$ cat protein.tsv   # TSV, C-alpha atoms (C1' of nucleotides)
chain	number	residue	atom	x	y	z
A	277	MET	CA	133.80	89.57	98.50
A	278	ASP	CA	135.74	92.65	97.52
A	279	LYS	CA	134.52	95.04	94.88
A	280	ALA	CA	136.81	93.84	92.11
A	281	GLY	CA	135.76	90.29	92.83
A	282	PHE	CA	132.15	91.25	92.75
A	283	MET	CA	132.51	93.01	89.43
A	284	ALA	CA	134.22	89.97	87.99
A	285	ALA	CA	131.42	87.76	89.27
A	286	ALA	CA	128.91	90.17	87.80
A	287	ASP	CA	130.58	90.01	84.41
A	288	HIS	CA	130.57	86.27	84.55
A	289	GLN	CA	126.96	86.04	85.62
A	290	CYS	CA	125.78	88.36	82.86
A	291	GLN	CA	127.68	86.39	80.30
A	292	GLN	CA	126.10	83.19	81.58
A	293	GLN	CA	122.69	84.73	81.24
A	294	GLY	CA	123.36	86.14	77.81
A	295	VAL	CA	122.69	89.71	78.89
A	296	LYS	CA	124.97	92.69	78.55
A	297	LEU	CA	126.61	94.50	81.40
A	298	THR	CA	127.10	97.72	79.45
A	299	ALA	CA	129.31	100.59	80.51
A	300	LEU	CA	126.39	102.45	82.01
A	301	ARG	CA	125.10	99.47	83.96
A	302	ARG	CA	128.58	98.76	85.14
A	303	GLN	CA	128.99	102.31	86.31
A	304	VAL	CA	125.70	102.19	88.18
A	305	LEU	CA	126.66	98.91	89.80
A	306	GLU	CA	129.95	100.40	90.91
A	307	LEU	CA	128.14	103.37	92.40
A	308	VAL	CA	125.91	101.03	94.37
A	309	LEU	CA	128.92	99.03	95.52
A	310	ALA	CA	130.59	102.21	96.69
A	311	HIS	CA	128.02	102.56	99.45
A	312	GLU	CA	127.45	100.47	102.51
A	313	GLY	CA	124.02	98.99	102.98
A	314	VAL	CA	120.92	100.30	101.31
A	315	VAL	CA	121.25	102.73	98.43
A	316	LYS	CA	118.44	104.82	97.03
A	317	ALA	CA	117.82	105.38	93.35
A	318	TYR	CA	118.09	109.12	93.66
A	319	GLN	CA	121.35	108.78	95.53
A	320	VAL	CA	122.72	106.81	92.62
A	321	LEU	CA	121.31	109.43	90.29
A	322	ALA	CA	123.16	112.18	92.15
A	323	ASP	CA	126.38	110.17	92.05
A	324	LEU	CA	125.94	109.54	88.38
A	325	GLN	CA	125.36	113.22	87.71
A	326	ARG	CA	128.56	114.01	89.55
A	327	GLU	CA	130.48	111.58	87.38
A	328	ARG	CA	128.85	112.28	84.06
A	329	GLY	CA	127.49	115.79	84.28
A	330	ILE	CA	123.97	114.87	83.44
A	331	ALA	CA	121.54	112.03	83.94
A	332	ALA	CA	117.81	111.65	84.34
A	333	PRO	CA	115.80	109.29	86.56
A	334	PRO	CA	114.93	106.75	83.85
A	335	THR	CA	118.59	106.19	83.17
A	336	VAL	CA	119.15	105.08	86.72
A	337	TYR	CA	115.94	103.13	87.13
A	338	ARG	CA	116.57	101.17	83.96
A	339	ALA	CA	120.04	100.23	85.06
A	340	LEU	CA	118.86	99.28	88.53
A	341	ASP	CA	116.01	97.20	87.12
A	342	PHE	CA	118.46	95.42	84.89
A	343	LEU	CA	120.80	94.69	87.77
A	344	VAL	CA	117.97	93.35	89.90
A	345	GLU	CA	116.77	91.22	87.03
A	346	ALA	CA	120.29	89.90	86.56
A	347	GLY	CA	120.41	88.91	90.22
A	348	LEU	CA	123.16	91.32	91.15
A	349	LEU	CA	121.07	93.58	93.33
A	350	HIS	CA	117.97	93.16	95.42
A	351	LYS	CA	115.29	95.78	95.72
A	352	VAL	CA	114.28	96.47	99.28
A	353	ASP	CA	110.76	97.78	98.91
A	354	ALA	CA	110.28	98.61	102.53
A	355	LEU	CA	113.11	101.13	102.25
A	356	ASN	CA	112.70	102.20	98.66
A	357	GLY	CA	116.25	101.13	98.08
A	358	TYR	CA	118.63	98.57	96.71
A	359	ILE	CA	121.28	96.31	98.17
A	360	VAL	CA	124.05	94.28	96.63
A	361	CYS	CA	123.23	90.59	96.47
A	362	SER	CA	125.37	88.61	98.88
A	363	HIS	CA	125.03	85.41	96.94
A	364	VAL	CA	125.79	86.16	93.34
A	365	GLY	CA	126.12	82.96	91.45
A	366	CYS	CA	124.51	80.74	94.00
A	367	CYS	CA	121.05	81.89	93.09
A	368	HIS	CA	119.20	81.89	96.38
A	369	GLU	CA	117.66	84.97	97.80
A	370	GLY	CA	117.58	85.03	101.51
A	371	LEU	CA	115.85	86.83	104.26
A	372	ILE	CA	116.91	90.44	104.53
A	373	LEU	CA	117.65	91.86	107.97
A	374	VAL	CA	117.66	95.61	108.27
A	375	CYS	CA	118.94	97.36	111.38
A	376	THR	CA	116.97	100.50	112.13
A	377	ALA	CA	119.78	101.90	114.23
A	378	CYS	CA	122.83	101.64	112.01
A	379	GLY	CA	121.14	100.99	108.70
A	380	SER	CA	123.14	97.87	108.07
A	381	VAL	CA	121.63	95.18	105.93
A	382	ASN	CA	122.32	91.48	105.92
A	383	GLU	CA	121.00	88.63	103.92
A	384	LEU	CA	120.34	85.78	106.27
A	385	GLU	CA	120.81	82.37	104.83
A	386	ALA	CA	117.77	80.46	105.90
A	387	ALA	CA	117.09	78.07	103.12
A	388	PRO	CA	115.25	75.35	105.06
A	389	ALA	CA	112.71	77.64	106.66
A	390	LEU	CA	112.22	79.51	103.42
A	391	ASP	CA	111.63	76.29	101.58
A	392	THR	CA	108.99	75.39	104.12
A	393	LEU	CA	107.31	78.70	103.54
A	394	ARG	CA	107.36	78.25	99.81
A	395	GLN	CA	105.93	74.79	100.15
A	396	GLN	CA	103.12	76.05	102.31
A	397	ALA	CA	102.33	78.70	99.74
A	398	ALA	CA	102.49	76.09	97.00
A	399	ALA	CA	100.18	73.85	98.97
A	400	GLN	CA	97.55	76.55	98.65
A	401	GLY	CA	98.03	76.55	94.92
A	402	PHE	CA	100.15	79.66	94.87
A	403	ALA	CA	102.91	79.79	92.25
A	404	ILE	CA	105.71	81.97	93.54
A	405	ALA	CA	107.39	84.35	91.16
A	406	GLN	CA	109.23	86.65	93.51
A	407	GLN	CA	109.93	86.84	97.14
A	408	ASN	CA	110.38	89.80	99.32
A	409	LEU	CA	111.20	88.84	102.86
A	410	LEU	CA	112.41	91.41	105.26
A	411	LEU	CA	112.79	91.78	108.98
A	412	THR	CA	113.39	95.11	110.63
A	413	GLY	CA	114.98	95.46	114.02
A	414	LEU	CA	118.27	95.88	115.80
A	415	CYS	CA	121.44	94.11	114.79
A	416	GLN	CA	123.72	92.55	117.34
A	417	ALA	CA	126.04	95.52	117.43
A	418	CYS	CA	123.22	98.00	118.02
A	419	ARG	CA	121.12	96.17	120.57
A	420	VAL	CA	123.57	96.63	123.41
B	74	MET	CA	84.55	88.22	108.92
B	75	ASP	CA	81.96	90.69	107.67
B	76	LYS	CA	82.52	94.41	107.83
B	77	ALA	CA	80.34	95.03	110.84
B	78	GLY	CA	82.12	92.26	112.68
B	79	PHE	CA	85.46	93.66	111.75
B	80	MET	CA	84.53	97.12	112.97
B	81	ALA	CA	83.36	95.65	116.25
B	82	ALA	CA	86.62	93.75	116.60
B	83	ALA	CA	88.51	96.93	115.78
B	84	ASP	CA	86.67	98.84	118.47
B	85	HIS	CA	87.43	96.12	120.93
B	86	GLN	CA	91.08	95.92	120.01
B	87	CYS	CA	91.60	99.66	120.29
B	88	GLN	CA	89.94	99.68	123.66
B	89	GLN	CA	92.22	96.86	124.79
B	90	GLN	CA	95.22	98.83	123.68
B	91	GLY	CA	94.05	102.04	125.23
B	92	VAL	CA	94.07	103.93	121.95
B	93	LYS	CA	91.25	105.84	120.37
B	94	LEU	CA	89.47	104.81	117.21
B	95	THR	CA	88.22	108.31	116.45
B	96	ALA	CA	85.53	109.17	113.91
B	97	LEU	CA	88.13	109.97	111.28
B	98	ARG	CA	90.12	106.79	111.82
B	99	ARG	CA	86.93	104.81	111.77
B	100	GLN	CA	85.91	106.42	108.50
B	101	VAL	CA	89.28	105.66	106.94
B	102	LEU	CA	89.09	102.07	108.13
B	103	GLU	CA	85.65	101.74	106.60
B	104	LEU	CA	86.94	103.11	103.33
B	105	VAL	CA	89.71	100.53	103.30
B	106	LEU	CA	87.25	97.77	104.12
B	107	ALA	CA	85.06	98.88	101.24
B	108	HIS	CA	87.69	97.70	98.77
B	109	GLU	CA	88.87	94.25	97.93
B	110	GLY	CA	92.54	93.52	98.32
B	111	VAL	CA	95.20	96.20	98.36
B	112	VAL	CA	94.19	99.81	98.80
B	113	LYS	CA	96.42	102.77	98.12
B	114	ALA	CA	96.66	105.81	100.34
B	115	TYR	CA	95.68	108.15	97.56
B	116	GLN	CA	92.68	106.03	96.75
B	117	VAL	CA	91.56	106.40	100.32
B	118	LEU	CA	92.27	110.09	100.06
B	119	ALA	CA	90.04	110.37	97.00
B	120	ASP	CA	87.28	108.43	98.74
B	121	LEU	CA	87.58	110.61	101.79
B	122	GLN	CA	87.37	113.74	99.67
B	123	ARG	CA	84.21	112.41	98.08
B	124	GLU	CA	82.68	111.88	101.51
B	125	ARG	CA	83.91	114.97	103.25
B	126	GLY	CA	84.57	117.50	100.54
B	127	ILE	CA	88.16	118.11	101.46
B	128	ALA	CA	91.11	116.24	102.88
B	129	ALA	CA	94.87	116.40	102.54
B	130	PRO	CA	97.45	113.61	102.37
B	131	PRO	CA	98.62	113.88	105.99
B	132	THR	CA	95.09	113.25	107.20
B	133	VAL	CA	95.01	109.92	105.43
B	134	TYR	CA	98.56	108.88	106.18
B	135	ARG	CA	98.13	109.56	109.86
B	136	ALA	CA	94.99	107.51	110.03
B	137	LEU	CA	96.57	104.67	108.07
B	138	ASP	CA	99.66	104.74	110.25
B	139	PHE	CA	97.48	104.56	113.31
B	140	LEU	CA	95.52	101.62	111.95
B	141	VAL	CA	98.70	99.76	111.08
B	142	GLU	CA	100.10	100.49	114.50
B	143	ALA	CA	96.91	99.22	116.07
B	144	GLY	CA	97.23	95.98	114.11
B	145	LEU	CA	94.10	96.50	112.04
B	146	LEU	CA	95.86	96.97	108.72
B	147	HIS	CA	99.13	95.83	107.22
B	148	LYS	CA	101.23	97.96	104.99
B	149	VAL	CA	102.35	96.17	101.85
B	150	ASP	CA	105.50	98.02	100.93
B	151	ALA	CA	106.06	96.19	97.70
B	152	LEU	CA	102.77	97.58	96.42
B	153	ASN	CA	102.69	100.90	98.24
B	154	GLY	CA	99.40	99.86	99.69
B	155	TYR	CA	97.48	98.58	102.65
B	156	ILE	CA	95.43	95.50	103.37
B	157	VAL	CA	93.02	94.63	106.14
B	158	CYS	CA	94.55	92.29	108.70
B	159	SER	CA	93.02	88.85	108.52
B	160	HIS	CA	93.84	88.00	112.09
B	161	VAL	CA	92.72	90.87	114.24
B	162	GLY	CA	92.89	89.87	117.84
B	163	CYS	CA	95.10	86.86	117.39
B	164	CYS	CA	98.21	88.95	116.98
B	165	HIS	CA	100.24	87.05	114.42
B	166	GLU	CA	101.20	88.56	111.16
B	167	GLY	CA	101.52	86.06	108.43
B	168	LEU	CA	103.10	85.77	105.08
B	169	ILE	CA	101.41	87.87	102.45
B	170	LEU	CA	100.69	86.33	99.08
B	171	VAL	CA	100.01	88.72	96.24
B	172	CYS	CA	98.69	87.53	92.90
B	173	THR	CA	100.10	89.55	90.03
B	174	ALA	CA	97.26	88.52	87.74
B	175	CYS	CA	94.14	89.33	89.73
B	176	GLY	CA	95.64	91.49	92.44
B	177	SER	CA	94.21	89.39	95.22
B	178	VAL	CA	96.02	89.30	98.52
B	179	ASN	CA	96.01	86.60	101.15
B	180	GLU	CA	97.67	86.27	104.46
B	181	LEU	CA	99.06	82.77	104.70
B	182	GLU	CA	99.11	81.32	108.13
B	183	ALA	CA	102.55	79.82	108.50
B	184	ALA	CA	103.44	80.24	112.09
B	185	PRO	CA	105.92	77.37	112.47
B	186	ALA	CA	108.09	78.31	109.52
B	187	LEU	CA	107.96	81.96	110.48
B	188	ASP	CA	108.99	81.12	114.00
B	189	THR	CA	111.94	79.24	112.61
B	190	LEU	CA	112.92	82.24	110.57
B	191	ARG	CA	112.67	84.52	113.55
B	192	GLN	CA	114.74	82.16	115.62
B	193	GLN	CA	117.42	82.05	112.97
B	194	ALA	CA	117.50	85.82	112.89
B	195	ALA	CA	117.61	85.89	116.67
B	196	ALA	CA	120.45	83.38	116.67
B	197	GLN	CA	122.51	85.96	114.83
B	198	GLY	CA	121.78	88.48	117.53
B	199	PHE	CA	119.11	90.26	115.57
B	200	ALA	CA	116.19	91.68	117.57
B	201	ILE	CA	113.15	91.77	115.35
B	202	ALA	CA	110.88	94.77	115.51
B	203	GLN	CA	108.83	94.38	112.37
B	204	GLN	CA	108.38	91.84	109.73
B	205	ASN	CA	107.55	92.31	106.12
B	206	LEU	CA	107.19	89.02	104.34
B	207	LEU	CA	105.70	88.89	100.92
B	208	LEU	CA	105.55	86.49	98.05
B	209	THR	CA	104.48	87.52	94.59
B	210	GLY	CA	103.12	85.09	92.04
B	211	LEU	CA	99.96	83.53	90.73
B	212	CYS	CA	97.10	82.41	92.90
B	213	GLN	CA	95.35	79.13	92.34
B	214	ALA	CA	92.54	80.69	90.35
B	215	CYS	CA	94.91	82.53	88.02
B	216	ARG	CA	97.51	79.87	87.32
B	217	VAL	CA	95.24	77.78	85.16
C	259	DA	C1'	83.54	126.85	135.08
C	260	DA	C1'	88.42	128.05	133.97
C	261	DC	C1'	92.88	126.30	133.14
C	262	DG	C1'	96.51	123.68	131.08
C	263	DG	C1'	98.37	119.75	128.93
C	264	DT	C1'	98.08	116.11	125.49
C	265	DG	C1'	96.61	114.19	121.53
C	266	DT	C1'	94.18	114.86	117.15
C	267	DT	C1'	93.16	117.11	113.02
C	268	DG	C1'	93.67	120.92	109.52
C	269	DT	C1'	96.57	123.30	106.25
C	270	DT	C1'	100.26	124.62	103.30
C	271	DA	C1'	104.10	123.51	101.18
C	272	DT	C1'	107.48	120.52	99.67
C	273	DA	C1'	110.30	116.39	99.38
C	274	DT	C1'	110.95	111.90	97.43
C	275	DA	C1'	110.01	108.07	94.22
C	276	DG	C1'	108.85	106.27	89.85
C	277	DT	C1'	107.09	106.06	84.91
C	278	DA	C1'	105.16	107.21	80.11
C	279	DA	C1'	106.26	108.39	75.69
C	280	DC	C1'	109.03	109.38	72.15
C	281	DA	C1'	113.73	110.64	70.07
C	282	DT	C1'	118.28	109.20	69.29
C	283	DT	C1'	122.14	106.32	69.31
C	284	DT	C1'	124.60	102.00	69.37
C	285	DA	C1'	125.48	97.10	68.47
C	286	DA	C1'	124.99	92.89	65.90
C	287	DG	C1'	123.52	90.17	62.30
C	288	DA	C1'	121.70	89.49	57.27
D	271	DT	C1'	126.04	98.15	53.93
D	272	DC	C1'	121.56	97.91	55.52
D	273	DT	C1'	118.41	96.69	58.85
D	274	DT	C1'	116.67	95.73	63.12
D	275	DA	C1'	116.63	95.30	68.03
D	276	DA	C1'	118.41	96.88	72.14
D	277	DA	C1'	120.04	100.56	74.86
D	278	DT	C1'	120.21	105.24	76.17
D	279	DG	C1'	118.74	110.23	76.11
D	280	DT	C1'	115.18	113.58	77.01
D	281	DT	C1'	111.05	115.81	78.46
D	282	DA	C1'	107.37	115.85	81.06
D	283	DC	C1'	104.63	114.09	84.28
D	284	DT	C1'	102.37	111.06	87.89
D	285	DA	C1'	102.52	108.98	92.32
D	286	DT	C1'	103.92	108.58	97.09
D	287	DA	C1'	105.06	110.58	101.43
D	288	DT	C1'	106.44	113.93	105.02
D	289	DA	C1'	107.75	118.44	107.48
D	290	DA	C1'	106.21	122.13	109.99
D	291	DC	C1'	103.11	124.73	112.19
D	292	DA	C1'	98.20	126.17	113.33
D	293	DA	C1'	93.84	125.16	115.23
D	294	DC	C1'	90.92	122.42	117.80
D	295	DA	C1'	88.98	118.88	121.02
D	296	DC	C1'	89.26	116.12	124.98
D	297	DC	C1'	90.30	115.23	129.82
D	298	DG	C1'	91.65	115.72	134.36
D	299	DT	C1'	92.62	119.27	137.92
D	300	DT	C1'	91.83	123.24	140.50

$ encode --input "protein.tsv" --output "structure tokens"
Amino acid sequence: MDKAGFMAAADHQCQQQGVKLTALRRQVLELVLAHEGVVKAYQVLADLQRERGIAAPPTVYRALDFLVEAGLLHKVDALNGYIVCSHVGCCHEGLILVCTACGSVNELEAAPALDTLRQQAAAQGFAIAQQNLLLTGLCQACRV
Amino acid sequence: MDKAGFMAAADHQCQQQGVKLTALRRQVLELVLAHEGVVKAYQVLADLQRERGIAAPPTVYRALDFLVEAGLLHKVDALNGYIVCSHVGCCHEGLILVCTACGSVNELEAAPALDTLRQQAAAQGFAIAQQNLLLTGLCQACRV
DNA sequence: AACGGTGTTGTTATATAGTAACATTTAAGA
DNA sequence: TCTTAAATGTTACTATATAACAACACCGTT
């Protein structure tokens, strides 16, 4: 999806959810989209400062939290960063693949196996709120 | 496994791997074992300072990194913490379940589903180096 | 025992990440 | 318009992690 398309989908999704994609949140989302792969909060902060002259960490963290909550971004804890959700609108989070060589990030669609995992967790009485599934390694392009 | 048993298994495993479980690493491992659930690096640092009078962050991080590398601990990125590996000696990392209510952590044994995931990643040409699979939610005891 | 290399630990300083608390502004309804 | 809730600004701070270099300990060789 191109950036304009993503922004349109973001607008739509926020409207659906009854939450507001304000100017600031929109700007932060665009800054994240402007990068490839994983983006760090302080990178976004620097970008934002360039565009607006001044900004403090909470400004960025609040916007990023909102965007994660809205399902537009995912937080990648293992990298202290954020990625754009590849599946806006179709709700499922996948398995995140991070290449240590080129830094690229992909969301692998693996619904059946993930469902199995969730069921096994549920079988132990565990009620899942969030998932955070990440594999680190070498992508096809880099493993040559 | 009790603590003494774990330390014995740790000794054995390090010997197998040809790496050294030095006095410092041993002490750090014991400090981690002394806690339930997730332990933070700076908590270990504080404990270590209590026992030895002085210690700096790199001392602790190096020891923790070593212990993770040796397969005795897992790093839980989503919590910036470490947990004791439940399966020392039998090599498989599982799926980590973290309860947001009581803070308890369990490693769920889910080899078949995890294998499927890995195969799906591999099918895309991705060579897995590390995995980091975590579910957050409520454990059986807390969901009542 | 003396030497030299490797790995471990100590030390200082600093980089990076994230949040608490309160003030101010904006938006939306009564 | 007034009021209230949400959003943003601001200051200060806490928490997490690493770089870089120095000192030391261990181990095999001469």

$ calpha_fit_and_write --input "protein.tsv" --fixed "chain B" --moving "chain A" --output "CSV table (one decimal) with C-alpha atoms, in the coordinates of the input"
chain,number,residue,atom,x,y,z
A,277,MET,CA,84.6,88.2,108.9
A,278,ASP,CA,82.0,90.6,107.6
A,279,LYS,CA,82.6,94.3,107.7
A,280,ALA,CA,80.3,95.0,110.8
A,281,GLY,CA,82.1,92.2,112.6
A,282,PHE,CA,85.5,93.6,111.7
A,283,MET,CA,84.5,97.1,112.9
A,284,ALA,CA,83.3,95.6,116.2
A,285,ALA,CA,86.6,93.7,116.5
A,286,ALA,CA,88.5,96.9,115.7
A,287,ASP,CA,86.6,98.8,118.4
A,288,HIS,CA,87.4,96.1,120.9
A,289,GLN,CA,91.0,95.9,120.0
A,290,CYS,CA,91.5,99.7,120.3
A,291,GLN,CA,89.8,99.7,123.6
A,292,GLN,CA,92.1,96.9,124.8
A,293,GLN,CA,95.1,98.8,123.7
A,294,GLY,CA,93.9,102.1,125.2
A,295,VAL,CA,94.0,103.9,121.9
A,296,LYS,CA,91.1,105.8,120.3
A,297,LEU,CA,89.4,104.8,117.2
A,298,THR,CA,88.1,108.3,116.4
A,299,ALA,CA,85.5,109.1,113.8
A,300,LEU,CA,88.1,110.0,111.2
A,301,ARG,CA,90.1,106.8,111.8
A,302,ARG,CA,86.9,104.8,111.7
A,303,GLN,CA,85.9,106.4,108.4
A,304,VAL,CA,89.3,105.7,106.9
A,305,LEU,CA,89.1,102.1,108.1
A,306,GLU,CA,85.7,101.7,106.5
A,307,LEU,CA,87.0,103.1,103.3
A,308,VAL,CA,89.8,100.5,103.3
A,309,LEU,CA,87.3,97.8,104.1
A,310,ALA,CA,85.1,98.9,101.2
A,311,HIS,CA,87.8,97.7,98.7
A,312,GLU,CA,89.0,94.2,97.9
A,313,GLY,CA,92.7,93.5,98.3
A,314,VAL,CA,95.3,96.2,98.4
A,315,VAL,CA,94.3,99.8,98.8
A,316,LYS,CA,96.5,102.8,98.1
A,317,ALA,CA,96.7,105.8,100.3
A,318,TYR,CA,95.8,108.2,97.6
A,319,GLN,CA,92.8,106.0,96.7
A,320,VAL,CA,91.6,106.4,100.3
A,321,LEU,CA,92.3,110.1,100.0
A,322,ALA,CA,90.1,110.4,97.0
A,323,ASP,CA,87.3,108.4,98.7
A,324,LEU,CA,87.6,110.6,101.7
A,325,GLN,CA,87.4,113.7,99.6
A,326,ARG,CA,84.3,112.4,98.0
A,327,GLU,CA,82.7,111.8,101.4
A,328,ARG,CA,83.9,114.9,103.2
A,329,GLY,CA,84.6,117.5,100.5
A,330,ILE,CA,88.1,118.1,101.4
A,331,ALA,CA,91.1,116.2,102.8
A,332,ALA,CA,94.8,116.4,102.5
A,333,PRO,CA,97.4,113.6,102.4
A,334,PRO,CA,98.6,113.9,106.0
A,335,THR,CA,95.1,113.3,107.2
A,336,VAL,CA,95.0,109.9,105.4
A,337,TYR,CA,98.6,108.9,106.2
A,338,ARG,CA,98.1,109.6,109.9
A,339,ALA,CA,95.0,107.5,110.0
A,340,LEU,CA,96.6,104.7,108.1
A,341,ASP,CA,99.6,104.8,110.3
A,342,PHE,CA,97.4,104.6,113.3
A,343,LEU,CA,95.5,101.6,112.0
A,344,VAL,CA,98.7,99.8,111.1
A,345,GLU,CA,100.1,100.5,114.6
A,346,ALA,CA,96.8,99.2,116.1
A,347,GLY,CA,97.2,96.0,114.2
A,348,LEU,CA,94.1,96.5,112.1
A,349,LEU,CA,95.9,97.0,108.8
A,350,HIS,CA,99.1,95.8,107.3
A,351,LYS,CA,101.3,98.0,105.0
A,352,VAL,CA,102.4,96.2,101.9
A,353,ASP,CA,105.5,98.0,101.0
A,354,ALA,CA,106.1,96.2,97.8
A,355,LEU,CA,102.8,97.6,96.5
A,356,ASN,CA,102.8,100.9,98.3
A,357,GLY,CA,99.5,99.9,99.7
A,358,TYR,CA,97.5,98.6,102.7
A,359,ILE,CA,95.5,95.5,103.4
A,360,VAL,CA,93.1,94.6,106.1
A,361,CYS,CA,94.6,92.3,108.7
A,362,SER,CA,93.1,88.9,108.5
A,363,HIS,CA,93.9,88.0,112.1
A,364,VAL,CA,92.7,90.9,114.3
A,365,GLY,CA,92.9,89.9,117.8
A,366,CYS,CA,95.1,86.9,117.4
A,367,CYS,CA,98.2,89.0,117.0
A,368,HIS,CA,100.2,87.1,114.5
A,369,GLU,CA,101.2,88.6,111.2
A,370,GLY,CA,101.6,86.0,108.5
A,371,LEU,CA,103.1,85.7,105.1
A,372,ILE,CA,101.4,87.9,102.5
A,373,LEU,CA,100.7,86.3,99.1
A,374,VAL,CA,99.9,88.7,96.3
A,375,CYS,CA,98.6,87.6,93.0
A,376,THR,CA,99.9,89.6,90.1
A,377,ALA,CA,97.1,88.6,87.9
A,378,CYS,CA,94.0,89.4,89.9
A,379,GLY,CA,95.5,91.5,92.6
A,380,SER,CA,94.1,89.4,95.4
A,381,VAL,CA,96.0,89.3,98.6
A,382,ASN,CA,96.0,86.6,101.2
A,383,GLU,CA,97.7,86.2,104.5
A,384,LEU,CA,99.1,82.8,104.8
A,385,GLU,CA,99.2,81.3,108.2
A,386,ALA,CA,102.6,79.8,108.5
A,387,ALA,CA,103.5,80.2,112.1
A,388,PRO,CA,106.0,77.3,112.4
A,389,ALA,CA,108.2,78.3,109.5
A,390,LEU,CA,108.0,81.9,110.5
A,391,ASP,CA,109.1,81.0,114.0
A,392,THR,CA,112.1,79.2,112.5
A,393,LEU,CA,113.0,82.2,110.5
A,394,ARG,CA,112.8,84.5,113.5
A,395,GLN,CA,114.9,82.1,115.5
A,396,GLN,CA,117.5,82.0,112.9
A,397,ALA,CA,117.6,85.8,112.8
A,398,ALA,CA,117.7,85.8,116.6
A,399,ALA,CA,120.6,83.4,116.6
A,400,GLN,CA,122.6,86.0,114.7
A,401,GLY,CA,121.9,88.4,117.4
A,402,PHE,CA,119.2,90.2,115.5
A,403,ALA,CA,116.2,91.6,117.5
A,404,ILE,CA,113.2,91.7,115.3
A,405,ALA,CA,110.9,94.7,115.5
A,406,GLN,CA,108.8,94.3,112.4
A,407,GLN,CA,108.4,91.8,109.7
A,408,ASN,CA,107.5,92.3,106.2
A,409,LEU,CA,107.2,89.0,104.3
A,410,LEU,CA,105.7,88.9,100.9
A,411,LEU,CA,105.5,86.5,98.0
A,412,THR,CA,104.4,87.6,94.6
A,413,GLY,CA,103.0,85.2,92.1
A,414,LEU,CA,99.8,83.6,90.8
A,415,CYS,CA,97.0,82.5,93.0
A,416,GLN,CA,95.3,79.2,92.4
A,417,ALA,CA,92.4,80.7,90.5
A,418,CYS,CA,94.8,82.6,88.1
A,419,ARG,CA,97.4,80.0,87.4
A,420,VAL,CA,95.1,77.9,85.2

$ closest_atom_pairs --input "protein.tsv" --of "chain D" --to "chain A" --cutoff "12 Å" --atoms "all atoms listed in the file" --output "Markdown table"
| residue | atom | partner | partner_atom | distance |
| --- | --- | --- | --- | --- |
| D:DA276 | C1' | A:Lys296 | CA | 10.1 |
| D:DA277 | C1' | A:Thr298 | CA | 8.9 |
| D:DT278 | C1' | A:Thr335 | CA | 7.2 |
| D:DG279 | C1' | A:Thr335 | CA | 8.1 |
| D:DT280 | C1' | A:Ala332 | CA | 8.0 |
| D:DT281 | C1' | A:Ala332 | CA | 9.9 |
| D:DA282 | C1' | A:Ala332 | CA | 11.7 |
| D:DT286 | C1' | A:Asn356 | CA | 11.0 |
| D:DA287 | C1' | A:Asn356 | CA | 11.7 |

$ interface_residues --input "protein.tsv" --of "chain C" --to "chain A" --cutoff "9 Å" --atoms "all atoms listed in the file" --output "MDAnalysis selection string"
chainID C and resid 274:277

$ residues_around --input "protein.tsv" --residues "DC297 in chain D" --least-positions-apart "3" --cutoff "12 Å" --atoms "only C-alpha atoms (C1' of nucleotides)" --output "ChimeraX atom specification"
/C:261-265

$ residues_around --input "protein.tsv" --residues "Cys175 in chain B" --least-positions-apart "5" --cutoff "10 Å" --atoms "only C-alpha atoms (C1' of nucleotides)" --output "ChimeraX atom specification"
/B:110,211-212,214-215

$ atom_distance --input "protein.tsv" --atom1 "CA of Gly370 in chain A" --atom2 "CA of Leu206 in chain B"
11.5 Å

$ closest_residue --input "protein.tsv" --among "A:Val420, A:Leu384, A:Ala322, A:Leu309" --to "chain B" --atoms "only C-alpha atoms"
A:Leu384

$ atom_distance --input "protein.tsv" --atom1 "CA of Leu104 in chain B" --atom2 "CA of His85 in chain B"
18.9 Å

$ atom_distance --input "protein.tsv" --atom1 "C1' of DA289 in chain D" --atom2 "CA of Leu145 in chain B"
26.2 Å

$ interface_residues --input "protein.tsv" --of "chain B" --to "chain A" --cutoff "7 Å" --atoms "only C-alpha atoms" --output "ChimeraX atom specification"
/B:150-151,183,186,189-190,198-213

$ residues_around --input "protein.tsv" --residues "Ala346 in chain A" --least-positions-apart "3" --cutoff "8 Å" --atoms "all atoms listed in the file" --output "PyMOL selection string"
chain A and resi 289-290+293+342-343+349

$ residues_near_point --input "protein.tsv" --point "(137.5, 98.0, 97.2)" --cutoff "9 Å" --atoms "only C-alpha atoms (C1' of nucleotides)" --output "short mmCIF file (atom, residue, chain, number, x, y, z; two decimals) with C-alpha atoms, in the coordinates of the input"
data_model
loop_
_atom_site.label_atom_id
_atom_site.label_comp_id
_atom_site.auth_asym_id
_atom_site.auth_seq_id
_atom_site.Cartn_x
_atom_site.Cartn_y
_atom_site.Cartn_z
CA ASP A 278 135.74 92.65 97.52
CA LYS A 279 134.52 95.04 94.88
CA ALA A 280 136.81 93.84 92.11
CA LEU A 309 128.92 99.03 95.52
CA ALA A 310 130.59 102.21 96.69
#

$ axis_aligned_box --input "protein.tsv" --around "range 348-365 of chain A" --padding-each-side "6 Å" --output "AutoDock Vina command-line options"
--center_x 118.2 --center_y 92.6 --center_z 96.8 --size_x 27.8 --size_y 31.2 --size_z 23.4

$ residues_around --input "protein.tsv" --residues "Ala299 in chain A" --least-positions-apart "5" --cutoff "12 Å" --atoms "only C-alpha atoms (C1' of nucleotides)" --output "ChimeraX atom specification"
/A:287,304-306,339 /D:277-278

$ residues_around --input "protein.tsv" --residues "DT274 in chain D" --least-positions-apart "5" --cutoff "10 Å" --atoms "all atoms listed in the file" --output "MDAnalysis selection string"
chainID C and resid 286:288

$ write_last_selection --input "protein.tsv" --atoms "C-alpha atoms (C1' of nucleotides)" --output "PDB file, in the frame of the given file"
ATOM      1  C1'  DA C 286     124.990  92.890  65.900  1.00  0.00           C
ATOM      2  C1'  DG C 287     123.520  90.170  62.300  1.00  0.00           C
ATOM      3  C1'  DA C 288     121.700  89.490  57.270  1.00  0.00           C
TER       4       DA C 288
END
